[in-house]
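Trainee: Structure file target-v5.cif, mmCIF, C-alpha atoms, is pasted below:
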data_model
loop_
_atom_site.label_atom_id
_atom_site.label_comp_id
_atom_site.auth_asym_id
_atom_site.auth_seq_id
_atom_site.Cartn_x
_atom_site.Cartn_y
_atom_site.Cartn_z
CA ALA A 1 49.26 -32.84 -52.61
CA LEU A 2 45.53 -33.61 -52.38
CA ARG A 3 44.83 -30.91 -54.95
CA ARG A 4 47.38 -32.43 -57.29
CA LEU A 5 45.85 -35.88 -56.79
CA ARG A 6 42.37 -34.56 -57.53
CA GLN A 7 43.66 -32.84 -60.67
CA GLU A 8 45.28 -36.05 -61.85
CA GLN A 9 42.08 -37.92 -60.99
CA ALA A 10 40.07 -35.45 -63.06
CA ALA A 11 42.39 -35.84 -66.05
CA PRO A 12 41.21 -37.97 -68.96
CA ARG A 13 41.31 -41.65 -68.15
CA GLY A 14 42.87 -42.30 -71.40
CA ALA A 15 46.10 -40.48 -70.58
CA SER A 16 49.07 -42.80 -70.28
CA SER A 17 50.55 -40.93 -67.29
CA ALA A 18 47.39 -40.91 -65.17
CA MET A 19 47.33 -43.06 -62.04
CA ASP A 20 44.57 -45.53 -61.48
CA GLU A 21 42.09 -45.10 -58.73
CA ASN A 22 43.83 -47.54 -56.36
CA GLN A 23 47.13 -45.72 -56.50
CA VAL A 24 45.42 -42.42 -55.73
CA GLN A 25 43.62 -43.90 -52.77
CA LYS A 26 46.85 -45.42 -51.55
CA GLN A 27 48.62 -42.09 -51.62
CA ILE A 28 45.71 -40.45 -49.90
CA ASP A 29 45.82 -43.10 -47.18
CA GLN A 30 49.57 -42.57 -46.80
CA MET A 31 49.10 -38.83 -46.48
CA VAL A 32 46.34 -39.26 -43.92
CA LYS A 33 48.50 -41.72 -42.01
CA PHE A 34 51.41 -39.28 -42.11
CA ILE A 35 49.21 -36.42 -40.92
CA ARG A 36 47.81 -38.55 -38.11
CA GLN A 37 51.32 -39.65 -37.13
CA GLU A 38 52.43 -36.02 -37.06
CA ALA A 39 49.40 -35.14 -34.93
CA VAL A 40 50.10 -38.03 -32.55
CA GLU A 41 53.75 -37.03 -32.19
CA LYS A 42 52.82 -33.41 -31.69
CA ALA A 43 50.24 -34.39 -29.09
CA ARG A 44 52.87 -36.57 -27.41
CA GLU A 45 55.33 -33.66 -27.37
CA ILE A 46 52.69 -31.39 -25.89
CA HIS A 47 51.84 -34.05 -23.30
CA VAL A 48 55.51 -34.62 -22.42
CA LYS A 49 56.15 -30.88 -22.16
CA ALA A 50 53.04 -30.42 -20.03
CA GLU A 51 54.12 -33.35 -17.86
CA GLU A 52 57.58 -31.83 -17.46
CA GLU A 53 56.15 -28.42 -16.61
CA PHE A 54 53.76 -30.06 -14.18
CA ASN A 55 56.58 -32.01 -12.52
CA ILE A 56 58.73 -28.87 -12.32
CA GLU A 57 55.88 -26.88 -10.77
CA LYS A 58 55.05 -29.75 -8.42
CA LEU A 59 58.72 -29.99 -7.41
CA ARG A 60 58.83 -26.22 -6.87
CA MET A 61 55.72 -26.35 -4.71
CA VAL A 62 57.05 -29.35 -2.78
CA GLU A 63 60.39 -27.61 -2.17
CA ALA A 64 58.60 -24.41 -1.16
CA GLU A 65 56.45 -26.37 1.28
CA LYS A 66 59.54 -28.17 2.59
CA ALA A 67 61.23 -24.81 3.10
CA LYS A 68 58.19 -23.55 5.02
CA ILE A 69 58.19 -26.69 7.15
CA ARG A 70 61.94 -26.31 7.80
CA GLN A 71 61.47 -22.66 8.74
CA GLU A 72 58.60 -23.55 11.07
CA PHE A 73 60.64 -26.36 12.57
CA GLU A 74 63.64 -24.04 13.09
CA ARG A 75 61.34 -21.43 14.64
CA LYS A 76 59.84 -24.00 17.00
CA GLU A 77 63.30 -25.37 17.76
CA LYS A 78 64.54 -21.85 18.63
CA GLU A 79 61.48 -21.25 20.80
CA ILE A 80 62.12 -24.51 22.63
CA GLU A 81 65.80 -23.61 23.05
CA VAL A 82 64.95 -20.12 24.32
CA GLN A 83 62.37 -21.55 26.73
CA LYS A 84 64.90 -24.15 27.85
CA ARG A 85 67.45 -21.43 28.58
CA ILE A 86 64.83 -19.36 30.40
CA ASN A 87 63.87 -22.37 32.51
CA GLN A 88 67.53 -23.11 33.23
CA SER A 89 68.13 -19.46 34.16
CA ASN A 90 65.06 -19.45 36.41
CA HIS A 91 66.20 -22.68 38.02
CA VAL A 92 69.70 -21.31 38.62
CA ARG A 93 68.29 -18.04 39.96
CA ALA A 94 65.89 -19.89 42.26
CA ALA A 95 68.74 -22.10 43.49
CA ARG A 96 70.91 -19.04 44.13
CA LEU A 97 68.10 -17.30 45.97
CA SER A 98 67.53 -20.41 48.04
CA ILE A 99 71.25 -20.58 48.87
CA LEU A 100 71.33 -16.88 49.72
CA ALA A 101 68.25 -17.24 51.92
CA GLU A 102 69.84 -20.19 53.70
CA ARG A 103 73.07 -18.26 54.18
CA GLU A 104 71.18 -15.24 55.49
CA ALA A 105 69.37 -17.52 57.93
CA GLN A 106 72.68 -18.94 59.11
CA MET A 107 74.17 -15.44 59.42
CA GLY A 108 71.08 -14.42 61.41
CA ALA A 109 71.54 -17.43 63.67
CA VAL A 110 75.18 -16.46 64.24
CA LYS A 111 74.09 -12.93 65.11
CA GLU A 112 71.43 -14.14 67.53
CA ASP A 113 73.97 -16.39 69.19
CA ALA A 114 76.36 -13.43 69.46
CA LYS A 115 73.59 -11.35 71.09
CA LYS A 116 73.10 -14.04 73.71
CA ARG A 117 76.81 -13.92 74.38
CA LEU A 118 76.54 -10.12 74.76
CA SER A 119 74.04 -10.63 77.56
CA ARG A 120 76.51 -12.89 79.33
CA LEU A 121 79.29 -10.35 78.69
CA ALA A 122 77.21 -7.59 80.32
CA MET A 123 77.07 -9.70 83.48
CA SER A 124 80.74 -10.63 83.54
CA GLU A 125 83.62 -9.06 85.46
CA LYS A 126 85.13 -7.74 82.21
CA TYR A 127 82.11 -5.55 81.49
CA ALA A 128 83.17 -2.65 83.76
CA SER A 129 86.44 -2.23 81.83
CA LEU A 130 84.58 -2.52 78.51
CA LEU A 131 82.05 0.10 79.62
CA GLU A 132 84.85 2.54 80.44
CA SER A 133 86.40 1.95 77.00
CA LEU A 134 83.06 2.49 75.24
CA ILE A 135 82.53 5.80 77.09
CA LEU A 136 86.05 7.02 76.30
CA GLU A 137 85.80 6.06 72.66
CA GLY A 138 82.45 7.86 72.31
CA LEU A 139 83.83 11.02 73.95
CA ILE A 140 86.82 11.13 71.62
CA ARG A 141 84.60 10.62 68.58
CA LEU A 142 82.28 13.45 69.65
CA GLU A 143 85.12 15.83 70.66
CA GLY A 144 82.58 17.74 72.72
CA THR A 145 82.71 19.60 76.03
CA ASP A 146 79.07 19.25 77.06
CA VAL A 147 78.19 15.57 76.68
CA SER A 148 75.38 13.51 78.18
CA ILE A 149 75.60 9.74 78.52
CA ARG A 150 72.78 7.28 78.88
CA GLY A 151 72.56 3.51 78.97
CA VAL A 152 70.52 0.56 80.21
CA SER A 153 68.55 1.61 83.29
CA SER A 154 69.70 -1.41 85.30
CA GLN A 155 73.35 -0.50 84.63
CA GLY A 156 73.17 3.07 85.90
CA ASN A 157 75.51 2.49 88.83
CA MET A 158 78.04 0.69 86.63
CA ILE A 159 78.02 3.60 84.16
CA LYS A 160 78.48 6.12 86.97
CA ASN A 161 81.37 4.09 88.35
CA ALA A 162 83.06 3.89 84.93
CA LEU A 163 82.52 7.57 84.18
CA PRO A 164 85.28 9.21 86.30
CA ALA A 165 88.13 7.10 84.86
CA ALA A 166 86.82 7.54 81.31
CA VAL A 167 86.42 11.30 81.71
CA ASN A 168 89.90 11.60 83.21
CA LYS A 169 91.41 9.79 80.22
CA TYR A 170 89.33 11.95 77.87
CA LYS A 171 90.70 15.11 79.51
CA GLN A 172 94.24 13.82 79.09
CA TRP A 173 93.55 13.26 75.43
CA ALA A 174 91.83 16.65 75.05
CA GLU A 175 94.72 18.52 76.68
CA LYS A 176 97.10 17.12 74.07
CA GLU A 177 94.76 17.54 71.12
CA LYS A 178 92.58 20.58 72.05
CA GLY A 179 94.42 22.51 74.74
CA ALA A 180 93.88 23.52 78.36
CA ASP A 181 91.01 25.94 77.64
CA PHE A 182 89.01 23.12 76.01
CA VAL A 183 89.61 20.88 79.03
CA LYS A 184 88.25 23.52 81.41
CA GLU A 185 84.91 23.49 79.58
CA ILE A 186 84.46 19.70 79.68
CA ASP A 187 81.23 18.72 81.45
CA ILE A 188 80.23 15.06 81.14
CA LYS A 189 76.94 14.01 82.75
CA TYR A 190 75.04 10.77 83.12
CA ASN A 191 71.41 11.03 81.96
CA ASP A 192 69.24 8.59 83.90
CA LYS A 193 65.94 10.01 82.65
CA ASN A 194 66.11 8.55 79.17
CA PRO A 195 67.59 5.03 79.32
CA THR A 196 68.29 3.03 76.18
CA GLN A 197 65.53 0.65 75.08
CA GLY A 198 66.02 -2.91 73.83
CA SER A 199 69.73 -2.98 74.60
CA VAL A 200 71.74 -5.32 76.81
CA GLY A 201 74.59 -2.91 77.44
CA GLY A 202 76.86 -0.13 76.26
CA VAL A 203 76.13 3.59 76.12
CA ILE A 204 74.78 6.32 73.89
CA LEU A 205 76.55 9.71 73.99
CA ALA A 206 75.07 13.01 72.80
CA THR A 207 76.19 16.61 72.48
CA ALA A 208 74.99 19.88 70.94
CA GLY A 209 71.52 19.45 72.44
CA ASP A 210 71.30 15.79 71.37
CA LYS A 211 71.85 16.79 67.72
CA ILE A 212 75.10 14.85 67.49
CA ILE A 213 74.93 11.28 68.79
CA VAL A 214 77.33 8.37 69.04
CA ASP A 215 75.67 4.99 69.55
CA ASN A 216 78.11 2.74 71.40
CA THR A 217 75.63 0.13 72.58
CA LEU A 218 76.71 -3.49 72.44
CA GLU A 219 74.18 -4.25 69.69
CA THR A 220 75.51 -1.44 67.49
CA ARG A 221 79.08 -2.56 68.04
CA LEU A 222 78.05 -6.10 67.16
CA ASP A 223 76.46 -4.90 63.91
CA LEU A 224 79.63 -2.97 63.08
CA ALA A 225 81.85 -5.93 63.92
CA MET A 226 79.76 -8.28 61.78
CA GLU A 227 79.87 -5.84 58.85
CA VAL A 228 83.65 -5.48 59.12
CA ARG A 229 84.19 -9.21 59.57
CA LEU A 230 81.51 -10.25 57.09
CA PRO A 231 83.88 -11.66 54.42
CA GLU A 232 85.79 -13.65 57.05
CA THR A 233 82.57 -14.87 58.67
CA ARG A 234 81.19 -16.05 55.32
CA ARG A 235 84.45 -17.78 54.52
CA ILE A 236 84.35 -19.63 57.85
CA LEU A 237 80.68 -20.60 57.45
CA PHE A 238 80.46 -21.30 53.74
CA GLY A 239 84.04 -21.79 52.55
CA GLY A 240 85.61 -20.20 49.49
CA LYS A 241 87.93 -17.25 49.28
#
Starting from the file, lay out its structure as C-alpha cells.
Mentor:
Amino acid sequence: ALRRLRQEQAAPRGASSAMDENQVQKQIDQMVKFIRQEAVEKAREIHVKAEEEFNIEKLRMVEAEKAKIRQEFERKEKEIEVQKRINQSNHVRAARLSILAEREAQMGAVKEDAKKRLSRLAMSEKYASLLESLILEGLIRLEGTDVSIRGVSSQGNMIKNALPAAVNKYKQWAEKEKGADFVKEIDIKYNDKNPTQGSVGGVILATAGDKIIVDNTLETRLDLAMEVRLPETRRILFGGK
C-alpha cells in the first residue's frame, strides 16, 4: 500500500486522478495507526496467553506443593497413630505384667501360708496316719522290692512306727498285683543316714541304688496340689471362669 501511495505521489501533479499530499498523508497515518493497533492487540494476546500459562503453571506448582504437604501430613499422621498404638500396647502390656506380678505375689503368699499350715500338720495327731499313707503310696508307685525310705531327721521314730503298717499294706497289694514270689523279695528299710533337708515332713523313697526316686515330702505334695488346683485357686482369688 505504501509503495502504491509513493507511486501515486510520484505521478505527475497534473493528473486528474492523483491524490493531493494531504490525502496521502492521511492514508499513511491510517495505515500506521492500523499497524500499531495490530501490534498492540498482538502484544495483548501474547501477554494474555503468557499470563494464562503463568497462572496454569503457578496453579500446577501450588497443587503439587499442596499434594506434597498433604502427603507429609498423612505420613506424620500415620507415624503419630502408629506411635499412639505402640504406646497403648506398651501401656496394656505393662498393666498386664503388673497384674500378673501382683497375682504371682498373691499366689506366693497363699503358698507360704500353706507351708506354715504344713508345719502345724506335721505336729498334729493326724500326721502319723498321713505318713503311713505317703509311704504306701510311694511304695506302690515304685513297685520295687528293695526300697529305702528317708525323711526329716526329727521324725525318724514316727517314720519307723508308720513303716510296718505301710509295708504290710504294700505286701497285700503286691500279692494281688505281682504274686507271692515278688512279696518274698520285699525289703523296705529306713535310711537315717541321709535325712531330707529343708522339709517339714513326708518321705523320699528310692530303689535301684537310688536311681529311681519318689519324692513324697509335704512340700512336693503341696506343689503338686497347687498345680492341680491352680485354675480353681485363681478363680477363688481373682474371679472369672
Trainee: Give me the residues near range 206-220 of chain A as a PyMOL selection string, where near means some atom within 12 Å (using only C-alpha atoms) and where sequence neighbours in that chain fewer than 5 positions away do not count.
Mentor: chain A and resi 111-112+114-122+127+130-152+186-191+194-201+225-227
Trainee: Output the selection as an mmCIF file, in the frame of the given file - C-alpha atoms for each residue.
Mentor:
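Wrote selection-v8.cif, looks like this:
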data_model
loop_
_atom_site.group_PDB
_atom_site.id
_atom_site.type_symbol
_atom_site.label_atom_id
_atom_site.label_comp_id
_atom_site.auth_asym_id
_atom_site.auth_seq_id
_atom_site.Cartn_x
_atom_site.Cartn_y
_atom_site.Cartn_z
ATOM 1 C CA LYS A 111 74.090 -12.930 65.110
ATOM 2 C CA GLU A 112 71.430 -14.140 67.530
ATOM 3 C CA ALA A 114 76.360 -13.430 69.460
ATOM 4 C CA LYS A 115 73.590 -11.350 71.090
ATOM 5 C CA LYS A 116 73.100 -14.040 73.710
ATOM 6 C CA ARG A 117 76.810 -13.920 74.380
ATOM 7 C CA LEU A 118 76.540 -10.120 74.760
ATOM 8 C CA SER A 119 74.040 -10.630 77.560
ATOM 9 C CA ARG A 120 76.510 -12.890 79.330
ATOM 10 C CA LEU A 121 79.290 -10.350 78.690
ATOM 11 C CA ALA A 122 77.210 -7.590 80.320
ATOM 12 C CA TYR A 127 82.110 -5.550 81.490
ATOM 13 C CA LEU A 130 84.580 -2.520 78.510
ATOM 14 C CA LEU A 131 82.050 0.100 79.620
ATOM 15 C CA GLU A 132 84.850 2.540 80.440
ATOM 16 C CA SER A 133 86.400 1.950 77.000
ATOM 17 C CA LEU A 134 83.060 2.490 75.240
ATOM 18 C CA ILE A 135 82.530 5.800 77.090
ATOM 19 C CA LEU A 136 86.050 7.020 76.300
ATOM 20 C CA GLU A 137 85.800 6.060 72.660
ATOM 21 C CA GLY A 138 82.450 7.860 72.310
ATOM 22 C CA LEU A 139 83.830 11.020 73.950
ATOM 23 C CA ILE A 140 86.820 11.130 71.620
ATOM 24 C CA ARG A 141 84.600 10.620 68.580
ATOM 25 C CA LEU A 142 82.280 13.450 69.650
ATOM 26 C CA GLU A 143 85.120 15.830 70.660
ATOM 27 C CA GLY A 144 82.580 17.740 72.720
ATOM 28 C CA THR A 145 82.710 19.600 76.030
ATOM 29 C CA ASP A 146 79.070 19.250 77.060
ATOM 30 C CA VAL A 147 78.190 15.570 76.680
ATOM 31 C CA SER A 148 75.380 13.510 78.180
ATOM 32 C CA ILE A 149 75.600 9.740 78.520
ATOM 33 C CA ARG A 150 72.780 7.280 78.880
ATOM 34 C CA GLY A 151 72.560 3.510 78.970
ATOM 35 C CA VAL A 152 70.520 0.560 80.210
ATOM 36 C CA ILE A 186 84.460 19.700 79.680
ATOM 37 C CA ASP A 187 81.230 18.720 81.450
ATOM 38 C CA ILE A 188 80.230 15.060 81.140
ATOM 39 C CA LYS A 189 76.940 14.010 82.750
ATOM 40 C CA TYR A 190 75.040 10.770 83.120
ATOM 41 C CA ASN A 191 71.410 11.030 81.960
ATOM 42 C CA ASN A 194 66.110 8.550 79.170
ATOM 43 C CA PRO A 195 67.590 5.030 79.320
ATOM 44 C CA THR A 196 68.290 3.030 76.180
ATOM 45 C CA GLN A 197 65.530 0.650 75.080
ATOM 46 C CA GLY A 198 66.020 -2.910 73.830
ATOM 47 C CA SER A 199 69.730 -2.980 74.600
ATOM 48 C CA VAL A 200 71.740 -5.320 76.810
ATOM 49 C CA GLY A 201 74.590 -2.910 77.440
ATOM 50 C CA ALA A 225 81.850 -5.930 63.920
ATOM 51 C CA MET A 226 79.760 -8.280 61.780
ATOM 52 C CA GLU A 227 79.870 -5.840 58.850
#
Trainee: Convert the output of the PyMOL selection byres ((chain A and resi 93-106) around 12) on the shown file into explicit residues, formatted as a PyMOL selection string.
Mentor: chain A and resi 85-92+107-113+230+233-239
Trainee: Which distance in Å separates CA of Ala166 in chain A and CA of Val203 in chain A, to one decimal?
Mentor: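 According to the coordinates, CA of Ala166 in chain A and CA of Val203 in chain A are separated by 12.5 Å.
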Trainee: What gap, in Å, lies between CA of Phe73 in chain A and CA of Glu57 in chain A?
Mentor: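 Computing the Euclidean distance for CA of Phe73 in chain A and CA of Glu57 in chain A yields 23.8 Å.
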Trainee: May I ask for the distance between CA of Lys178 in chain A and CA of Ala165 in chain A, given in Å to one decimal place?
Mentor: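 We find that CA of Lys178 in chain A and CA of Ala165 in chain A lie 19.1 Å from each other.
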Trainee: Give the answer as one residue: which of A:Gly156, A:Trp173, A:Pro231, A:Gln23 has the shortest atom-to-atom distance to Lys193 in chain A, using all atoms listed in the file?
Mentor: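 Residue with the minimum atom-to-atom distance to Lys193 in chain A: A:Gly156.
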Trainee: Would you compute an axis-aligned box for range 161-174 of chain A, covering every atom listed for it in the file with 3 Å of margin on each side, and report centre and edge lengths in Å to one decimal as JSON?
Mentor:
{"center_x": 87.8, "center_y": 10.3, "center_z": 81.7, "size_x": 18.9, "size_y": 18.8, "size_z": 19.3}
